[in-house]
Amino acid sequence: MEALERRLSSLSVSSRCAPSDPAYLLDLCAAPPPGDAVAVACSDFTLRLHDKLGLKRLRTFAGHTGPVSAVRFSHGSTGCFYSASLDGTVRLWDARGADGKQAQVFKSDASHCFSSFDLSCGDSLLCGGTEQVNGEDSFLVFWDVRKPGGVLLGVYSESHSDDITQVRFHPTDKDRLASGSTDGLVNVFDLTEGAEDEALVGTCNSESSVSALCWLGLERLLCVSHDEGLRLWDLKSLDTEDELTVYSTRDARVVEGPGGAGSALDYLIGGCWLDSEGQVLVVGGSGGGDVHLFTCDRAGLSPVRTLTSGHTATVRCFGFDPQSLSLFTGGEDGQLLRWSREETNPGPGPERAVGSSRQQQSPEGEEEQLQNKRSMKSESVMRLKSRPHKKHKLNRDKKHM
């Protein structure tokens with residue numbers, strides 16, 4: 001805990017990209033080392049590629065015809081990244097190409113709208129999670145990306161009954177997968193098994209709509225819900241009589257932000273595992289744009305740091321780059337920020353990377369800009385759901401907690 005506090009103690013805004021064409025930033029992903037780019041999903045259905053250091057926009061990718069739900073870099077080729085959309089496609093983009101067009105398009109049934117996806121650690125398997133179809137089922141769709149055209153391998157159709165909001169492969173085990181849904185269930189699969197009911201090795205009940213999942217090391221899983229609940233599970237307990245839940249709170253907002261008075265936590269965004277520290281970093285925020293950093297273990301949620309003078313509205317996404325020790329954040333103010341211990345000089349033009357001081361503008365101009373951004377919000381991607389939790393028959397014999 002002390003080591004992590006020292007590591008984060010001097011973070012400040014070292015780069016800022018404030019585009020002249022405002023759009024909400026819905027998701028982002030920093031390329032794994034030695035990659036030097038950050039991919040961002042925007043509310044105008046486009047994807048933007050920025051360099052990591054100064055956040056200069058390198059290219060804009062267009063092709064999706066619906067809201068983009070998630071973006072991920074390839075693990076082995078930092079020049080390639082994927083995106084999923086409610087337009088029913090998952091797309092592979094080659095940032096090295098000259099035309100900025102998608103290199104490959106993955107589809108399944110015409111009724112499938114992809115609200116989440118992930119790529120296995122070996123870059124061999126792609127899994128997309130769909131919204132609810134026909135008011136009854138939702139699907140996990142699998143493709144083999146190594147074969148030309150991206151071969152559709154099949155679907156899981158019985159494990160969730162509502163929108164699948166999260167799909168997370170294990171960071172080191174290519175055959176282990178976790179999925180979360182607005183039905184309140186988090187399912188863990190062993191993909192070496194054939195049939196879906198055999199592959200489903202455990203079910204954890206979050207008791208609310210799932211908004212974020214994060215693997216912590218080998219056997220733990222962090223779950224954040226849309227109503228700001230947080231749960232930490234030890235999956236080794238799935239096959240034993242030991243307690244599954246390591247820590248649980250129905251409302252993390254009772255934990256005051258690390259900045260003290262005036263910076264209370266309003267919402268959680270998610271978590272990421274810091275392997276070098278052996279700890280999880282939980283990220284949340286306040287309505288005014290402050291970013292709150294926490295750790296979480298058996299003792300609960302512990303405040304570490306509040307980052308201020310950055311965003312001016314809700315922060316929707318974040319990513320951590322272990323190589324540069326930088327935190328990237330994006331939000332409803334349209335800004336992409338890099339928080340680190342180093343500072344860069346402002347870049348030229350209307351879309352620029354600036355130092356740690358906030359851009360100056362009149363209150364009237366700021367309010368007009370925020371109003372413009374509010375009108376661009378995609379209700380389909382950003383709505384927060386809380387529906388009755390239904391359980392399919394094959395889940396009844398699995399361990400719930």
# chains A, B, ... in the order shown; residues from 1 in each chain; ligands from 1

$ residues_around --residues "Val68 of chain A" --least-positions-apart "4" --cutoff "10 Å" --atoms "only C-alpha atoms" --output "PyMOL selection string"
chain A and resi 26-27+40-47+64+83-87+89-90+114-116+378+381

$ write_last_selection --atoms "N, CA, C and O atoms" --output "mmCIF file, in the first residue's frame"
data_model
loop_
_atom_site.group_PDB
_atom_site.id
_atom_site.type_symbol
_atom_site.label_atom_id
_atom_site.label_comp_id
_atom_site.auth_asym_id
_atom_site.auth_seq_id
_atom_site.Cartn_x
_atom_site.Cartn_y
_atom_site.Cartn_z
ATOM 1 N N LEU A 26 -15.889 6.931 -24.642
ATOM 2 C CA LEU A 26 -16.615 5.838 -23.996
ATOM 3 C C LEU A 26 -15.710 4.736 -23.469
ATOM 4 O O LEU A 26 -16.020 4.092 -22.465
ATOM 5 N N ASP A 27 -14.603 4.496 -24.161
ATOM 6 C CA ASP A 27 -13.671 3.450 -23.736
ATOM 7 C C ASP A 27 -12.304 3.787 -24.314
ATOM 8 O O ASP A 27 -12.195 4.497 -25.327
ATOM 9 N N VAL A 40 -9.072 5.068 -28.637
ATOM 10 C CA VAL A 40 -10.212 5.626 -27.920
ATOM 11 C C VAL A 40 -11.479 5.405 -28.731
ATOM 12 O O VAL A 40 -11.508 5.657 -29.943
ATOM 13 N N ALA A 41 -12.551 4.936 -28.066
ATOM 14 C CA ALA A 41 -13.862 4.797 -28.684
ATOM 15 C C ALA A 41 -14.702 6.024 -28.357
ATOM 16 O O ALA A 41 -14.806 6.414 -27.195
ATOM 17 N N CYS A 42 -15.299 6.629 -29.372
ATOM 18 C CA CYS A 42 -16.021 7.895 -29.213
ATOM 19 C C CYS A 42 -17.513 7.719 -29.469
ATOM 20 O O CYS A 42 -17.952 6.784 -30.145
ATOM 21 N N SER A 43 -18.288 8.667 -28.948
ATOM 22 C CA SER A 43 -19.744 8.589 -29.050
ATOM 23 C C SER A 43 -20.259 8.887 -30.453
ATOM 24 O O SER A 43 -21.440 8.692 -30.727
ATOM 25 N N ASP A 44 -19.386 9.368 -31.353
ATOM 26 C CA ASP A 44 -19.796 9.607 -32.740
ATOM 27 C C ASP A 44 -19.532 8.395 -33.624
ATOM 28 O O ASP A 44 -19.494 8.510 -34.854
ATOM 29 N N PHE A 45 -19.336 7.219 -33.001
ATOM 30 C CA PHE A 45 -19.131 5.920 -33.649
ATOM 31 C C PHE A 45 -17.729 5.764 -34.235
ATOM 32 O O PHE A 45 -17.463 4.760 -34.903
ATOM 33 N N THR A 46 -16.829 6.713 -34.033
ATOM 34 C CA THR A 46 -15.477 6.611 -34.565
ATOM 35 C C THR A 46 -14.511 6.122 -33.501
ATOM 36 O O THR A 46 -14.835 6.076 -32.304
ATOM 37 N N LEU A 47 -13.316 5.763 -33.955
ATOM 38 C CA LEU A 47 -12.212 5.420 -33.064
ATOM 39 C C LEU A 47 -11.040 6.335 -33.388
ATOM 40 O O LEU A 47 -10.797 6.653 -34.549
ATOM 41 N N HIS A 64 -17.914 1.879 -38.138
ATOM 42 C CA HIS A 64 -19.072 1.441 -37.360
ATOM 43 C C HIS A 64 -20.268 2.325 -37.653
ATOM 44 O O HIS A 64 -20.140 3.546 -37.845
ATOM 45 N N SER A 83 -12.434 -3.413 -32.112
ATOM 46 C CA SER A 83 -13.542 -2.651 -31.520
ATOM 47 C C SER A 83 -14.833 -3.418 -31.723
ATOM 48 O O SER A 83 -15.008 -4.126 -32.717
ATOM 49 N N ALA A 84 -15.752 -3.292 -30.743
ATOM 50 C CA ALA A 84 -17.064 -3.930 -30.835
ATOM 51 C C ALA A 84 -18.137 -2.860 -30.821
ATOM 52 O O ALA A 84 -17.967 -1.795 -30.216
ATOM 53 N N SER A 85 -19.248 -3.151 -31.481
ATOM 54 C CA SER A 85 -20.286 -2.131 -31.631
ATOM 55 C C SER A 85 -21.670 -2.751 -31.600
ATOM 56 O O SER A 85 -21.862 -3.941 -31.889
ATOM 57 N N LEU A 86 -22.640 -1.905 -31.274
ATOM 58 C CA LEU A 86 -24.035 -2.323 -31.330
ATOM 59 C C LEU A 86 -24.533 -2.450 -32.765
ATOM 60 O O LEU A 86 -25.696 -2.825 -32.983
ATOM 61 N N ASP A 87 -23.675 -2.138 -33.754
ATOM 62 C CA ASP A 87 -24.060 -2.345 -35.154
ATOM 63 C C ASP A 87 -23.955 -3.817 -35.555
ATOM 64 O O ASP A 87 -24.231 -4.179 -36.703
ATOM 65 N N THR A 89 -21.125 -5.806 -35.238
ATOM 66 C CA THR A 89 -19.816 -6.225 -35.718
ATOM 67 C C THR A 89 -18.741 -6.028 -34.655
ATOM 68 O O THR A 89 -18.850 -5.172 -33.791
ATOM 69 N N VAL A 90 -17.712 -6.873 -34.751
ATOM 70 C CA VAL A 90 -16.437 -6.641 -34.087
ATOM 71 C C VAL A 90 -15.428 -6.459 -35.214
ATOM 72 O O VAL A 90 -15.381 -7.262 -36.152
ATOM 73 N N PHE A 114 -23.317 -6.175 -30.249
ATOM 74 C CA PHE A 114 -22.249 -6.475 -29.306
ATOM 75 C C PHE A 114 -22.027 -5.335 -28.317
ATOM 76 O O PHE A 114 -21.570 -4.256 -28.677
ATOM 77 N N SER A 115 -22.345 -5.628 -27.052
ATOM 78 C CA SER A 115 -22.204 -4.655 -25.977
ATOM 79 C C SER A 115 -20.902 -4.826 -25.211
ATOM 80 O O SER A 115 -20.592 -4.015 -24.324
ATOM 81 N N SER A 116 -20.121 -5.866 -25.546
ATOM 82 C CA SER A 116 -18.840 -6.121 -24.885
ATOM 83 C C SER A 116 -18.066 -7.132 -25.718
ATOM 84 O O SER A 116 -18.638 -7.846 -26.553
ATOM 85 N N SER A 378 -24.911 8.708 -26.063
ATOM 86 C CA SER A 378 -25.585 7.546 -26.621
ATOM 87 C C SER A 378 -26.298 6.794 -25.509
ATOM 88 O O SER A 378 -25.678 6.146 -24.687
ATOM 89 N N VAL A 381 -25.634 2.801 -25.276
ATOM 90 C CA VAL A 381 -24.418 2.284 -24.653
ATOM 91 C C VAL A 381 -24.340 2.656 -23.193
ATOM 92 O O VAL A 381 -23.885 1.887 -22.356
#

$ atom_distance --atom1 "atom CA of Leu191 of chain A" --atom2 "atom CA of Lys107 of chain A"
20.6 Å

$ closest_residue --among "A:Thr295, A:Asn187, A:Ser208, A:Ser9" --to "Arg341 of chain A" --atoms "only C-alpha atoms"
A:Ser9

$ atom_distance --atom1 "atom CA of Asp36 of chain A" --atom2 "atom CA of Cys223 of chain A"
29.1 Å

$ select_by_dssp --residues "segment 111-334 of chain A" --states "helix (DSSP H, G or I)" --output "number ranges by chain"
A: 196-199, 235-239, 252-254

$ write_last_selection --atoms "N, CA, C and O atoms" --output "short mmCIF file (atom, residue, chain, number, x, y, z; two decimals), in the first residue's frame"
data_model
loop_
_atom_site.label_atom_id
_atom_site.label_comp_id
_atom_site.auth_asym_id
_atom_site.auth_seq_id
_atom_site.Cartn_x
_atom_site.Cartn_y
_atom_site.Cartn_z
N GLU A 196 -21.54 -25.99 -23.26
CA GLU A 196 -21.63 -24.80 -22.42
C GLU A 196 -21.84 -25.14 -20.94
O GLU A 196 -21.22 -24.53 -20.07
N ASP A 197 -22.71 -26.10 -20.66
CA ASP A 197 -22.99 -26.42 -19.27
C ASP A 197 -21.79 -27.05 -18.58
O ASP A 197 -21.63 -26.94 -17.35
N GLU A 198 -20.90 -27.69 -19.33
CA GLU A 198 -19.68 -28.24 -18.76
C GLU A 198 -18.60 -27.17 -18.63
O GLU A 198 -17.79 -27.20 -17.71
N ALA A 199 -18.59 -26.22 -19.56
CA ALA A 199 -17.60 -25.15 -19.53
C ALA A 199 -17.86 -24.17 -18.39
O ALA A 199 -16.93 -23.55 -17.86
N LEU A 235 -11.82 -17.10 -6.55
CA LEU A 235 -12.41 -18.17 -7.36
C LEU A 235 -11.88 -19.55 -6.99
O LEU A 235 -12.44 -20.56 -7.43
N LYS A 236 -10.81 -19.63 -6.21
CA LYS A 236 -10.35 -20.94 -5.73
C LYS A 236 -11.43 -21.61 -4.89
O LYS A 236 -11.47 -22.83 -4.76
N SER A 237 -12.31 -20.79 -4.32
CA SER A 237 -13.35 -21.31 -3.43
C SER A 237 -14.53 -21.91 -4.18
O SER A 237 -15.42 -22.49 -3.56
N LEU A 238 -14.53 -21.80 -5.52
CA LEU A 238 -15.65 -22.34 -6.28
C LEU A 238 -15.77 -23.85 -6.12
O LEU A 238 -16.87 -24.40 -6.18
N ASP A 239 -14.65 -24.52 -5.93
CA ASP A 239 -14.67 -25.98 -5.81
C ASP A 239 -14.54 -26.46 -4.37
O ASP A 239 -14.31 -27.65 -4.12
N ALA A 252 -20.21 1.67 -2.71
CA ALA A 252 -18.86 2.15 -2.41
C ALA A 252 -18.81 3.65 -2.15
O ALA A 252 -17.79 4.16 -1.70
N ARG A 253 -19.90 4.33 -2.41
CA ARG A 253 -19.90 5.79 -2.21
C ARG A 253 -19.86 6.18 -0.74
O ARG A 253 -19.65 7.36 -0.42
N VAL A 254 -20.05 5.23 0.14
CA VAL A 254 -19.92 5.54 1.57
C VAL A 254 -18.47 5.76 1.95
O VAL A 254 -18.17 6.29 3.02
#

$ closest_residue --among "A:Ser15, A:Thr249, A:Thr65, A:Thr240" --to "Asp51 of chain A" --atoms "only C-alpha atoms"
A:Ser15

$ residues_around --residues "Leu11 of chain A" --least-positions-apart "6" --cutoff "9 Å" --atoms "only C-alpha atoms" --output "ChimeraX atom specification"
/A:307,326-327,339-342

$ residues_around --residues "Phe320 of chain A" --least-positions-apart "4" --cutoff "10 Å" --atoms "only C-alpha atoms" --output "PDB file with N, CA and C atoms, in the first residue's frame"
ATOM      1  N   CYS A  29      -7.976   2.123 -24.577  1.00  0.00           N
ATOM      2  CA  CYS A  29      -7.041   1.039 -24.327  1.00  0.00           C
ATOM      3  C   CYS A  29      -5.647   1.497 -24.732  1.00  0.00           C
ATOM      4  N   ALA A  30      -4.700   1.378 -23.823  1.00  0.00           N
ATOM      5  CA  ALA A  30      -3.309   1.693 -24.126  1.00  0.00           C
ATOM      6  C   ALA A  30      -2.633   0.445 -24.680  1.00  0.00           C
ATOM      7  N   ALA A  31      -1.880   0.611 -25.759  1.00  0.00           N
ATOM      8  CA  ALA A  31      -1.179  -0.526 -26.346  1.00  0.00           C
ATOM      9  C   ALA A  31      -0.195  -1.110 -25.347  1.00  0.00           C
ATOM     10  N   PRO A  32      -0.115  -2.428 -25.258  1.00  0.00           N
ATOM     11  CA  PRO A  32       0.856  -3.032 -24.333  1.00  0.00           C
ATOM     12  C   PRO A  32       2.272  -2.716 -24.784  1.00  0.00           C
ATOM     13  N   GLY A 271     -11.527  -1.353 -12.345  1.00  0.00           N
ATOM     14  CA  GLY A 271     -10.257  -1.626 -11.698  1.00  0.00           C
ATOM     15  C   GLY A 271      -9.252  -2.187 -12.681  1.00  0.00           C
ATOM     16  N   CYS A 272      -7.967  -2.146 -12.306  1.00  0.00           N
ATOM     17  CA  CYS A 272      -6.925  -2.794 -13.087  1.00  0.00           C
ATOM     18  C   CYS A 272      -5.881  -3.355 -12.134  1.00  0.00           C
ATOM     19  N   TRP A 273      -5.307  -4.484 -12.518  1.00  0.00           N
ATOM     20  CA  TRP A 273      -4.331  -5.165 -11.687  1.00  0.00           C
ATOM     21  C   TRP A 273      -2.937  -4.630 -11.993  1.00  0.00           C
ATOM     22  N   LEU A 274      -2.226  -4.166 -10.964  1.00  0.00           N
ATOM     23  CA  LEU A 274      -0.852  -3.691 -11.107  1.00  0.00           C
ATOM     24  C   LEU A 274       0.063  -4.835 -10.692  1.00  0.00           C
ATOM     25  N   LEU A 281      -5.783  -1.512  -8.587  1.00  0.00           N
ATOM     26  CA  LEU A 281      -6.100  -0.090  -8.550  1.00  0.00           C
ATOM     27  C   LEU A 281      -7.559   0.072  -8.965  1.00  0.00           C
ATOM     28  N   SER A 324       5.325   3.267 -18.830  1.00  0.00           N
ATOM     29  CA  SER A 324       5.589   4.678 -18.520  1.00  0.00           C
ATOM     30  C   SER A 324       5.035   5.094 -17.170  1.00  0.00           C
ATOM     31  N   LEU A 325       4.384   4.144 -16.460  1.00  0.00           N
ATOM     32  CA  LEU A 325       3.740   4.435 -15.174  1.00  0.00           C
ATOM     33  C   LEU A 325       2.738   5.576 -15.311  1.00  0.00           C
ATOM     34  N   SER A 326       1.963   5.533 -16.396  1.00  0.00           N
ATOM     35  CA  SER A 326       1.002   6.600 -16.694  1.00  0.00           C
ATOM     36  C   SER A 326      -0.424   6.083 -16.607  1.00  0.00           C
ATOM     37  N   LEU A 327      -1.317   6.946 -16.149  1.00  0.00           N
ATOM     38  CA  LEU A 327      -2.747   6.669 -16.129  1.00  0.00           C
ATOM     39  C   LEU A 327      -3.403   7.520 -17.201  1.00  0.00           C
ATOM     40  N   PHE A 328      -4.229   6.896 -18.056  1.00  0.00           N
ATOM     41  CA  PHE A 328      -4.966   7.614 -19.089  1.00  0.00           C
ATOM     42  C   PHE A 328      -6.448   7.634 -18.713  1.00  0.00           C
ATOM     43  N   THR A 329      -7.084   8.769 -18.888  1.00  0.00           N
ATOM     44  CA  THR A 329      -8.511   8.893 -18.582  1.00  0.00           C
ATOM     45  C   THR A 329      -9.229   9.635 -19.709  1.00  0.00           C
ATOM     46  N   ARG A 338      -3.423  12.304 -19.874  1.00  0.00           N
ATOM     47  CA  ARG A 338      -2.355  11.415 -19.407  1.00  0.00           C
ATOM     48  C   ARG A 338      -1.822  11.966 -18.091  1.00  0.00           C
ATOM     49  N   TRP A 339      -1.902  11.127 -17.053  1.00  0.00           N
ATOM     50  CA  TRP A 339      -1.409  11.503 -15.733  1.00  0.00           C
ATOM     51  C   TRP A 339      -0.090  10.771 -15.503  1.00  0.00           C
TER      52      TRP A 339
END

$ closest_residue --among "A:Asp163, A:Asp173, A:Glu193, A:Asp137" --to "Ser120 of chain A" --atoms "only C-alpha atoms"
A:Asp173

$ closest_atom_pairs --of "segment 172-194 of chain A" --to "segment 127-131 of chain A" --cutoff "10 Å" --atoms "only C-alpha atoms" --output "tab-separated table"
residue	atom	partner	partner_atom	distance
A:Leu177	CA	A:Cys127	CA	9.1
A:Ser179	CA	A:Gly129	CA	8.1
A:Gly180	CA	A:Gly129	CA	9.1
A:Ser181	CA	A:Gly129	CA	9.1
A:Thr182	CA	A:Glu131	CA	9.5

$ select_by_dssp --residues "segment 138-349 of chain A" --states "strand (DSSP E or B)" --output "ChimeraX atom specification"
/A:140-144,151-156,164-169,176-181,185-190,200-205,210-216,220-225,230-234,245-249,267-274,279-285,291-297,300-307,315-321,326-331,336-340

$ write_last_selection --atoms "C-alpha atoms" --output "tab-separated table (two decimals), in the first residue's frame"
chain	number	residue	atom	x	y	z
A	140	LEU	CA	-21.41	-15.16	-26.01
A	141	VAL	CA	-20.08	-15.48	-29.56
A	142	PHE	CA	-16.65	-17.01	-30.33
A	143	TRP	CA	-14.37	-16.60	-33.35
A	144	ASP	CA	-10.96	-18.07	-34.19
A	151	VAL	CA	-14.00	-18.40	-38.38
A	152	LEU	CA	-17.16	-18.37	-36.25
A	153	LEU	CA	-16.72	-21.20	-33.74
A	154	GLY	CA	-20.08	-21.08	-31.98
A	155	VAL	CA	-22.08	-19.43	-29.20
A	156	TYR	CA	-23.05	-19.85	-25.56
A	164	ILE	CA	-23.76	-8.98	-21.42
A	165	THR	CA	-21.88	-5.88	-20.34
A	166	GLN	CA	-18.46	-7.43	-19.67
A	167	VAL	CA	-16.32	-10.14	-21.27
A	168	ARG	CA	-12.87	-10.68	-19.74
A	169	PHE	CA	-10.34	-13.34	-20.66
A	176	ARG	CA	-10.46	-19.04	-18.88
A	177	LEU	CA	-13.20	-16.47	-19.41
A	178	ALA	CA	-15.43	-14.35	-17.16
A	179	SER	CA	-18.60	-12.63	-18.29
A	180	GLY	CA	-20.92	-10.20	-16.51
A	181	SER	CA	-24.44	-9.08	-17.30
A	185	LEU	CA	-24.59	-12.83	-12.75
A	186	VAL	CA	-20.85	-13.21	-13.29
A	187	ASN	CA	-20.01	-16.50	-14.98
A	188	VAL	CA	-16.61	-18.18	-15.13
A	189	PHE	CA	-15.88	-20.61	-17.99
A	190	ASP	CA	-13.24	-23.21	-18.75
A	200	LEU	CA	-19.47	-23.11	-16.91
A	201	VAL	CA	-17.41	-23.84	-13.79
A	202	GLY	CA	-18.93	-21.20	-11.50
A	203	THR	CA	-21.45	-18.42	-11.11
A	204	CYS	CA	-21.11	-15.45	-8.77
A	205	ASN	CA	-24.14	-13.31	-8.01
A	210	VAL	CA	-22.56	-5.61	-13.70
A	211	SER	CA	-20.62	-2.66	-15.12
A	212	ALA	CA	-16.96	-3.78	-14.87
A	213	LEU	CA	-14.88	-6.91	-14.27
A	214	CYS	CA	-11.17	-7.25	-13.57
A	215	TRP	CA	-8.96	-10.29	-13.00
A	216	LEU	CA	-6.67	-9.87	-9.99
A	220	ARG	CA	-9.40	-13.39	-7.85
A	221	LEU	CA	-12.05	-11.38	-9.66
A	222	LEU	CA	-13.22	-7.82	-8.99
A	223	CYS	CA	-16.77	-6.84	-9.93
A	224	VAL	CA	-18.25	-3.32	-10.05
A	225	SER	CA	-21.99	-2.81	-10.45
A	230	LEU	CA	-18.16	-3.61	-5.43
A	231	ARG	CA	-17.33	-7.26	-4.82
A	232	LEU	CA	-14.06	-9.16	-4.62
A	233	TRP	CA	-14.22	-12.94	-5.11
A	234	ASP	CA	-11.65	-15.69	-4.58
A	245	THR	CA	-16.56	-13.42	-1.19
A	246	VAL	CA	-13.39	-11.72	0.03
A	247	TYR	CA	-14.98	-8.27	0.28
A	248	SER	CA	-18.37	-6.82	-0.61
A	249	THR	CA	-20.13	-3.47	-0.37
A	267	TYR	CA	-19.33	6.64	-9.09
A	268	LEU	CA	-16.96	3.76	-9.82
A	269	ILE	CA	-15.43	3.15	-13.24
A	270	GLY	CA	-13.55	-0.12	-12.74
A	271	GLY	CA	-10.26	-1.63	-11.70
A	272	CYS	CA	-6.92	-2.79	-13.09
A	273	TRP	CA	-4.33	-5.17	-11.69
A	274	LEU	CA	-0.85	-3.69	-11.11
A	279	GLN	CA	-2.33	-4.82	-5.96
A	280	VAL	CA	-5.49	-3.73	-7.68
A	281	LEU	CA	-6.10	-0.09	-8.55
A	282	VAL	CA	-9.79	0.85	-8.34
A	283	VAL	CA	-10.77	4.03	-10.17
A	284	GLY	CA	-13.83	6.20	-9.51
A	285	GLY	CA	-14.81	9.81	-9.80
A	291	VAL	CA	-10.60	11.08	-10.34
A	292	HIS	CA	-10.39	8.96	-7.17
A	293	LEU	CA	-7.89	6.11	-6.81
A	294	PHE	CA	-8.32	3.25	-4.32
A	295	THR	CA	-6.90	-0.14	-3.50
A	296	CYS	CA	-9.09	-3.06	-2.46
A	297	ASP	CA	-8.42	-6.18	-0.41
A	300	GLY	CA	-12.10	-3.16	2.08
A	301	LEU	CA	-11.74	-0.17	-0.21
A	302	SER	CA	-8.84	2.10	0.81
A	303	PRO	CA	-8.43	5.65	-0.58
A	304	VAL	CA	-5.03	6.36	-2.14
A	305	ARG	CA	-5.18	9.61	-4.11
A	306	THR	CA	-7.51	12.12	-5.76
A	307	LEU	CA	-6.46	13.59	-9.12
A	315	VAL	CA	-14.94	10.32	-16.43
A	316	ARG	CA	-16.08	7.24	-18.33
A	317	CYS	CA	-12.93	5.22	-19.00
A	318	PHE	CA	-9.32	4.73	-17.97
A	319	GLY	CA	-6.23	2.68	-18.72
A	320	PHE	CA	-2.86	2.19	-17.07
A	321	ASP	CA	0.46	1.88	-18.92
A	326	SER	CA	1.00	6.60	-16.69
A	327	LEU	CA	-2.75	6.67	-16.13
A	328	PHE	CA	-4.97	7.61	-19.09
A	329	THR	CA	-8.51	8.89	-18.58
A	330	GLY	CA	-11.32	9.92	-20.93
A	331	GLY	CA	-14.70	11.44	-20.23
A	336	LEU	CA	-8.19	12.51	-23.11
A	337	LEU	CA	-5.67	13.00	-20.28
A	338	ARG	CA	-2.36	11.41	-19.41
A	339	TRP	CA	-1.41	11.50	-15.73
A	340	SER	CA	2.27	10.90	-14.99

$ closest_residue --among "A:Asp118, A:Asp109, A:Glu207, A:Glu228" --to "Val71 of chain A" --atoms "only C-alpha atoms"
A:Asp118
